[in-house]
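J.: Got a file for you: run35.txt, compact mmCIF, C-alpha atoms.
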```
# COMPACT_ATOMS: atom_id res chain seq x y z
CA MET F 80 125.45 -173.30 -2.37
CA VAL F 81 125.65 -176.55 -4.31
CA ALA F 82 129.43 -176.28 -4.34
CA ASP F 83 129.51 -175.67 -0.59
CA GLU F 84 127.91 -179.08 -0.04
CA HIS F 85 130.90 -180.80 -1.72
CA GLY F 86 128.64 -183.53 -3.04
CA GLY F 87 127.21 -184.49 0.34
CA GLY F 88 126.90 -188.06 1.60
CA GLN F 89 126.03 -191.23 -0.26
CA SER F 90 122.71 -192.95 -0.90
CA THR F 91 121.24 -195.25 -3.55
CA ASN F 92 119.84 -195.04 -7.05
CA VAL F 93 116.38 -196.03 -5.83
CA VAL F 94 113.70 -193.59 -6.98
CA ILE F 95 112.00 -191.91 -4.04
CA SER F 96 109.41 -189.19 -3.49
CA ALA F 97 109.46 -186.54 -0.77
CA VAL F 98 107.25 -183.65 0.24
CA VAL F 99 108.19 -180.24 1.60
CA THR F 100 105.64 -179.01 4.13
CA ALA F 101 105.18 -175.74 5.97
CA LYS F 102 105.70 -175.73 9.72
CA GLN F 103 104.69 -172.06 9.79
CA SER F 104 102.13 -170.09 7.83
CA GLY F 105 103.55 -167.68 5.30
CA VAL F 106 103.99 -166.51 1.72
CA ILE F 107 105.91 -168.90 -0.52
CA ALA F 108 108.68 -167.36 -2.64
CA GLY F 109 111.57 -168.86 -4.57
CA GLN F 110 109.86 -171.23 -6.99
CA CYS F 111 111.84 -169.98 -9.97
CA VAL F 112 115.10 -170.40 -8.03
CA ILE F 113 114.31 -173.96 -6.95
CA ASP F 114 113.23 -174.93 -10.46
CA ARG F 115 116.48 -173.49 -11.83
CA MET F 116 118.58 -175.31 -9.23
CA ILE F 117 116.92 -178.65 -9.97
CA GLN F 118 117.27 -178.16 -13.71
CA GLN F 119 120.96 -177.20 -13.52
CA HIS F 120 122.26 -179.46 -10.76
CA PHE F 121 119.81 -182.29 -10.03
CA ALA F 122 118.46 -183.20 -13.46
CA SER F 123 117.29 -186.65 -12.31
CA CYS F 124 114.70 -184.97 -10.05
CA ASN F 125 111.31 -183.52 -10.83
CA VAL F 126 109.46 -180.98 -8.70
CA SER F 127 105.72 -180.34 -8.68
CA TRP F 128 104.32 -177.39 -6.76
CA SER F 129 101.20 -177.53 -4.62
CA ILE F 130 101.42 -173.81 -3.78
CA GLU F 131 102.32 -171.35 -6.50
CA GLU F 132 104.71 -168.42 -6.19
CA GLY F 133 103.18 -165.80 -3.92
CA GLY F 134 100.61 -168.22 -2.53
CA ARG F 135 100.08 -168.52 1.20
CA ALA F 136 100.84 -171.75 3.01
CA ALA F 137 99.15 -172.75 6.25
CA VAL F 138 100.80 -174.94 8.88
CA GLY F 139 100.97 -178.49 7.56
CA ASP F 140 100.37 -177.59 3.92
CA VAL F 141 102.39 -179.42 1.27
CA VAL F 142 104.41 -176.84 -0.65
CA LEU F 143 106.04 -179.12 -3.20
CA THR F 144 106.73 -182.72 -4.05
CA ILE F 145 110.12 -183.82 -5.33
CA GLU F 146 110.78 -187.17 -7.00
CA GLY F 147 114.03 -188.64 -8.25
CA ILE F 148 117.03 -190.78 -7.45
CA ALA F 149 117.46 -190.94 -3.67
CA ASP F 150 121.05 -189.70 -3.80
CA SER F 151 120.02 -186.51 -5.63
CA VAL F 152 116.88 -185.86 -3.62
CA LEU F 153 118.77 -186.08 -0.34
CA ARG F 154 121.72 -184.00 -1.57
CA CYS F 155 119.46 -181.12 -2.63
CA GLU F 156 117.31 -181.19 0.52
CA ARG F 157 119.17 -178.66 2.65
CA ILE F 158 119.99 -176.34 -0.26
CA MET F 159 116.36 -176.32 -1.33
CA LEU F 160 115.06 -175.68 2.19
CA ASN F 161 117.62 -172.92 2.79
CA LEU F 162 116.68 -171.12 -0.41
CA LEU F 163 112.95 -171.56 -0.10
CA GLY F 164 112.91 -170.84 3.63
CA ARG F 165 114.88 -167.60 3.39
CA MET F 166 113.01 -166.20 0.40
CA SER F 167 109.62 -167.18 1.84
CA GLY F 168 110.58 -165.60 5.16
CA ILE F 169 111.36 -162.31 3.41
CA ALA F 170 108.15 -162.47 1.36
CA THR F 171 106.12 -163.16 4.49
CA ASN F 172 107.75 -160.32 6.42
CA THR F 173 107.21 -157.94 3.50
CA ALA F 174 103.56 -158.92 3.21
CA GLU F 175 103.06 -158.04 6.88
CA TRP F 176 104.63 -154.61 6.34
CA VAL F 177 102.53 -154.00 3.24
CA GLU F 178 99.34 -154.98 5.05
CA SER F 179 100.15 -152.52 7.83
CA SER F 180 101.05 -149.70 5.45
CA ASN F 181 97.70 -149.48 3.61
CA SER F 182 98.15 -147.42 0.43
CA MET F 183 101.64 -146.16 1.31
CA GLY F 184 104.40 -147.95 -0.58
CA VAL F 185 107.01 -150.04 1.22
CA ALA F 186 110.37 -150.58 -0.47
CA CYS F 187 113.55 -152.45 0.30
CA THR F 188 116.98 -150.90 -0.28
CA ARG F 189 120.21 -152.10 -1.86
CA LYS F 190 121.39 -153.34 1.53
CA THR F 191 120.94 -157.02 0.81
CA GLU F 192 122.72 -160.27 1.59
CA TRP F 193 121.37 -162.17 -1.41
CA GLY F 194 121.08 -159.36 -3.95
CA LEU F 195 118.38 -159.95 -6.54
CA LEU F 196 117.03 -162.99 -4.69
CA ASP F 197 116.17 -160.73 -1.76
CA LYS F 198 114.64 -158.22 -4.18
CA TRP F 199 112.52 -160.92 -5.81
CA ALA F 200 111.25 -162.14 -2.44
CA VAL F 201 110.29 -158.57 -1.49
CA HIS F 202 108.43 -158.24 -4.80
CA ILE F 203 106.53 -161.47 -4.17
CA GLY F 204 105.55 -160.17 -0.73
CA GLY F 205 104.02 -157.08 -2.35
CA GLY F 206 106.86 -154.64 -1.62
CA LEU F 207 108.67 -152.27 -3.95
CA THR F 208 112.14 -153.30 -5.08
CA HIS F 209 113.57 -149.78 -5.54
CA ARG F 210 116.79 -149.82 -7.62
CA LEU F 211 117.94 -153.27 -8.66
CA ASP F 212 121.52 -152.04 -9.17
CA ARG F 213 123.49 -148.83 -9.61
CA SER F 214 122.63 -148.62 -13.30
CA ASP F 215 118.89 -149.02 -12.73
CA ALA F 216 118.40 -145.38 -11.75
CA LEU F 217 120.43 -142.30 -10.98
CA MET F 218 120.84 -141.80 -7.26
CA ILE F 219 122.62 -138.74 -5.89
CA LYS F 220 123.71 -139.14 -2.30
CA GLU F 221 125.34 -136.83 0.20
CA ASN F 222 128.82 -138.10 -0.70
CA ASP F 223 128.21 -137.37 -4.40
CA LEU F 224 127.69 -133.63 -3.95
CA PRO F 225 131.33 -132.59 -3.33
CA ALA F 226 132.41 -134.54 -6.41
CA LEU F 227 129.65 -133.30 -8.69
CA ALA F 228 129.68 -129.67 -7.55
CA PRO F 229 133.15 -129.04 -6.06
CA GLU F 230 132.97 -125.25 -6.48
CA ALA F 231 129.50 -124.75 -5.01
CA PRO F 232 129.65 -122.31 -2.07
CA ASP F 233 127.33 -124.39 0.13
CA GLU F 234 125.24 -127.59 0.20
CA LEU F 235 122.04 -125.92 -0.97
CA SER F 236 123.79 -124.45 -3.98
CA ALA F 237 125.37 -127.85 -4.65
CA VAL F 238 121.98 -129.57 -4.55
CA SER F 239 120.47 -127.09 -6.99
CA GLN F 240 123.46 -127.23 -9.33
CA VAL F 241 123.62 -131.00 -9.42
CA VAL F 242 119.90 -131.33 -10.16
CA MET F 243 120.06 -128.69 -12.90
CA GLU F 244 122.92 -130.57 -14.57
CA ILE F 245 121.22 -134.00 -14.66
CA ASP F 246 121.03 -135.52 -18.14
CA MET F 247 117.24 -135.57 -18.38
CA LYS F 248 117.14 -137.60 -21.59
CA THR F 249 118.74 -140.47 -19.69
CA HIS F 250 117.59 -140.04 -16.11
CA ALA F 251 114.36 -138.05 -15.97
CA SER F 252 112.16 -141.14 -15.59
CA PHE F 253 113.85 -142.32 -12.38
CA THR F 254 116.18 -140.08 -10.39
CA VAL F 255 116.61 -140.20 -6.62
CA ILE F 256 118.35 -137.51 -4.58
CA GLU F 257 119.08 -137.89 -0.89
CA VAL F 258 118.20 -134.84 1.19
CA ARG F 259 118.64 -134.41 4.92
CA ASN F 260 116.46 -131.41 5.75
CA ARG F 261 113.62 -129.23 4.49
CA GLU F 262 115.88 -126.68 2.84
CA GLN F 263 117.68 -129.30 0.73
CA ALA F 264 114.34 -130.83 -0.26
CA LEU F 265 113.05 -127.45 -1.42
CA ALA F 266 116.26 -126.72 -3.32
CA ALA F 267 116.13 -130.05 -5.14
CA ALA F 268 112.43 -129.83 -5.93
CA GLY F 269 112.71 -126.23 -7.10
CA ALA F 270 115.60 -126.97 -9.46
CA TRP F 271 113.87 -130.06 -10.81
CA ALA F 272 110.61 -128.20 -11.43
CA GLU F 273 112.45 -125.44 -13.27
CA VAL F 274 114.11 -127.92 -15.61
CA GLN F 275 110.90 -129.83 -16.24
CA VAL F 276 109.00 -126.66 -17.09
CA GLU F 277 111.74 -125.67 -19.55
CA ARG F 278 111.53 -129.10 -21.16
CA GLY F 279 107.76 -129.08 -21.24
CA GLU F 280 107.72 -132.40 -19.37
CA CYS F 281 106.23 -133.59 -16.09
CA GLU F 282 108.52 -136.30 -14.68
CA LYS F 283 108.91 -136.47 -10.93
CA ILE F 284 112.06 -136.62 -8.84
CA VAL F 285 112.28 -138.95 -5.86
CA LEU F 286 113.31 -137.03 -2.75
CA LEU F 287 114.82 -139.52 -0.33
CA LEU F 288 114.19 -137.86 3.03
CA ASP F 289 117.01 -139.44 4.99
CA ASN F 290 116.72 -139.78 8.77
CA ILE F 291 114.21 -136.96 9.02
CA GLY F 292 111.50 -139.02 10.70
CA PRO F 293 107.71 -138.87 10.25
CA GLU F 294 107.32 -135.41 11.78
CA GLY F 295 110.16 -133.93 9.74
CA CYS F 296 108.79 -135.49 6.56
CA ALA F 297 105.37 -134.00 7.33
CA GLU F 298 107.00 -130.57 7.54
CA VAL F 299 108.73 -131.12 4.18
CA HIS F 300 105.47 -132.26 2.60
CA SER F 301 103.63 -129.22 3.94
CA LYS F 302 106.29 -126.78 2.74
CA LEU F 303 106.44 -128.35 -0.71
CA MET F 304 102.65 -128.02 -0.94
CA SER F 305 102.73 -124.36 0.03
CA GLU F 306 105.50 -123.66 -2.51
CA GLY F 307 103.63 -125.45 -5.31
CA LEU F 308 106.40 -128.04 -5.66
CA ARG F 309 104.80 -131.18 -4.22
CA ALA F 310 103.44 -132.32 -7.61
CA TRP F 311 107.00 -132.57 -8.93
CA CYS F 312 108.12 -135.02 -6.24
CA ILE F 313 107.81 -138.52 -4.95
CA LEU F 314 108.61 -138.44 -1.25
CA GLU F 315 110.45 -141.39 0.25
CA GLY F 316 110.92 -141.65 4.00
CA SER F 317 114.03 -143.58 4.92
CA GLY F 318 116.38 -144.20 7.83
CA GLY F 319 115.34 -145.97 11.01
CA VAL F 320 111.87 -146.84 9.74
CA LYS F 321 110.13 -149.20 12.15
CA LYS F 322 107.04 -151.28 11.62
CA SER F 323 105.60 -150.00 14.89
CA GLN F 324 105.75 -146.44 13.49
CA LEU F 325 103.87 -147.09 10.25
CA ASP F 326 100.76 -145.32 11.51
CA GLN F 327 102.87 -142.17 11.95
CA TRP F 328 104.42 -142.57 8.53
CA LYS F 329 101.02 -142.99 6.88
CA THR F 330 100.08 -139.47 7.97
CA SER F 331 103.46 -137.89 7.18
CA GLY F 332 102.72 -137.11 3.54
CA VAL F 333 105.34 -139.49 2.08
CA ASP F 334 104.49 -141.74 -0.84
CA LEU F 335 106.62 -144.61 0.39
CA VAL F 336 109.06 -145.67 3.07
CA SER F 337 112.18 -147.72 2.43
CA THR F 338 114.01 -149.99 4.83
CA SER F 339 116.47 -152.88 4.77
CA VAL F 340 114.45 -154.47 7.59
CA LEU F 341 112.25 -156.03 4.91
CA ASN F 342 114.98 -158.46 3.95
CA ARG F 343 117.85 -158.25 6.45
CA GLY F 344 117.80 -160.24 9.66
CA VAL F 345 114.52 -161.92 8.73
CA ALA F 346 113.89 -165.39 10.12
CA PRO F 347 113.38 -168.00 7.40
CA LEU F 348 110.00 -169.64 7.04
CA ASP F 349 110.15 -173.00 8.81
CA LEU F 350 109.87 -175.80 6.23
CA SER F 351 110.71 -179.49 6.37
CA MET F 352 111.12 -182.34 3.92
CA ARG F 353 109.99 -185.91 4.52
CA VAL F 354 110.49 -188.91 2.28
CA ARG F 355 107.27 -190.71 1.51
CA THR F 356 107.16 -194.30 2.65
CA ASP F 357 103.76 -195.31 1.29
```
Can you give me the file's structure in the form of structure tokens?
T.:
Amino acid sequence: MVADEHGGGQSTNVVISAVVTAKQSGVIAGQCVIDRMIQQHFASCNVSWSIEEGGRAAVGDVVLTIEGIADSVLRCERIMLNLLGRMSGIATNTAEWVESSNSMGVACTRKTEWGLLDKWAVHIGGGLTHRLDRSDALMIKENDLPALAPEAPDELSAVSQVVMEIDMKTHASFTVIEVRNREQALAAAGAWAEVQVERGECEKIVLLLDNIGPEGCAEVHSKLMSEGLRAWCILEGSGGVKKSQLDQWKTSGVDLVSTSVLNRGVAPLDLSMRVRTD
């Protein structure tokens, strides 16, 4: 982002002070990023924060004060506001989802524009970050099944086989498998439970119930309970999750919902910078 500015315009070496204020109420996120940017690229400037990371700003509140050579302060203005505005917008949106979800978890996905910055903003808003990258946890998706179990006679057999062959020493603490119906969920949970019993362990598998909806997830939850398999699972509802449907999701039996809506297409928090003249 600094490179994209190509140095910006010209100003003077006069030392000035400016404040960033909130034009909207919201959760502030991105302090570590701004501090890093100033340290690496605008070393003549100093930033002091009036609202800490994760704090809530009201309209008109001073978020930070920046002091330094005028040329540097003005060159970093738009970059700083873009970063802070986007991350605070995501944190604010996430906080609203979390407040509406009560005890049910709300997670983002790996569909991000800004990668770990989006993840951090979700975390600051009180959401779950899910996998940070492909190496963070084993995730078996629909497209993985033909490659991992090419000789399985059907999808249910493939699901069971793939789960049974997971390297538990490496992946037992965090494995996610995408399932698209009740039968696949039962096959995955049954295979996982069998392996855990053999190992004498009690780790849980995350069943990502993809595009099943609240009612379908409730059916999966009920069936897993009746089969004695629910204790081996963390149920994640995903696919088309809407904030307006959270009341339905809260009674569906899932432990969490995941959605890219937490961080994609979110309006930035409206912030502005003004140079002090007093």
J.: Show me, as a PyMOL selection string, the residues that have an atom within 12 Å of Ala200 (chain F) when counting all atoms listed in the file, minus same-chain residues fewer than 4 positions from it.
T.: chain F and resi 106-112+132-133+162-174+186-187+191+193-196+204-208+341-343+345+347
J.: How close does each residue of region 154-265 of chain F get to region 292-296 of chain F, giving the shortest atom pair and distance in Å to one decimal for every residue with an atom at most 10 Å away, counting only C-alpha atoms, sorted by chain and residue number, as a tab-separated table?
T.:
```
residue	atom	partner	partner_atom	distance
F:Arg259	CA	F:Gly295	CA	9.8
F:Asn260	CA	F:Gly295	CA	7.9
F:Arg261	CA	F:Gly295	CA	7.9
F:Ala264	CA	F:Cys296	CA	10.0
```
J.: Using all atoms listed in the file for the distances, tell me which of F:Leu160, F:Met304, F:Val276, F:Met247 is nearest to Leu143 (chain F).
T.: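 Checking each candidate against Leu143 (chain F), we get F:Leu160 as the closest.
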J.: Could you give me, as an mmCIF file with C-alpha atoms, keeping the file's coordinate frame, the residues within 9 Å of Lys321 (chain F), counting all atoms listed in the file and dropping anything in the same chain fewer than 2 positions from it?
T.:
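Contents of result_18.cif, as written:
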```
data_model
loop_
_atom_site.group_PDB
_atom_site.id
_atom_site.type_symbol
_atom_site.label_atom_id
_atom_site.label_comp_id
_atom_site.auth_asym_id
_atom_site.auth_seq_id
_atom_site.Cartn_x
_atom_site.Cartn_y
_atom_site.Cartn_z
ATOM 1 C CA GLY F 319 115.340 -145.970 11.010
ATOM 2 C CA SER F 323 105.600 -150.000 14.890
ATOM 3 C CA GLN F 324 105.750 -146.440 13.490
ATOM 4 C CA LEU F 325 103.870 -147.090 10.250
ATOM 5 C CA THR F 338 114.010 -149.990 4.830
ATOM 6 C CA VAL F 340 114.450 -154.470 7.590
#
```
J.: Mind pulling up the distance from CA of Val320 (chain F) to CA of Ile203 (chain F)?
T.: 20.9 Å
J.: Which residue out of F:Thr100, F:Ser236, F:Thr144, F:Ser127 has the minimum interatomic distance to Leu265 (chain F) when only C-alpha atoms are used?
T.: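 Of the candidates, the smallest distance to Leu265 (chain F) is held by F:Ser236.
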J.: With all atoms listed in the file as the basis for distance, which of F:Ile313, F:Val99, F:Ile245, F:Val258 is at the shortest distance from Asn161 (chain F)?
T.: F:Val99
J.: Which one is closest to Val285 (chain F): F:Glu262, F:Asp334, F:Asp140, F:Glu156? Count only C-alpha atoms.
T.: F:Asp334
J.: I need the residue nearest Lys283 (chain F) from this list: F:Gln327, F:Thr254, F:Ser239, F:Ser305. Use only C-alpha atoms for the distance.
T.: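 Closest residue, counting only C-alpha atoms: F:Thr254.
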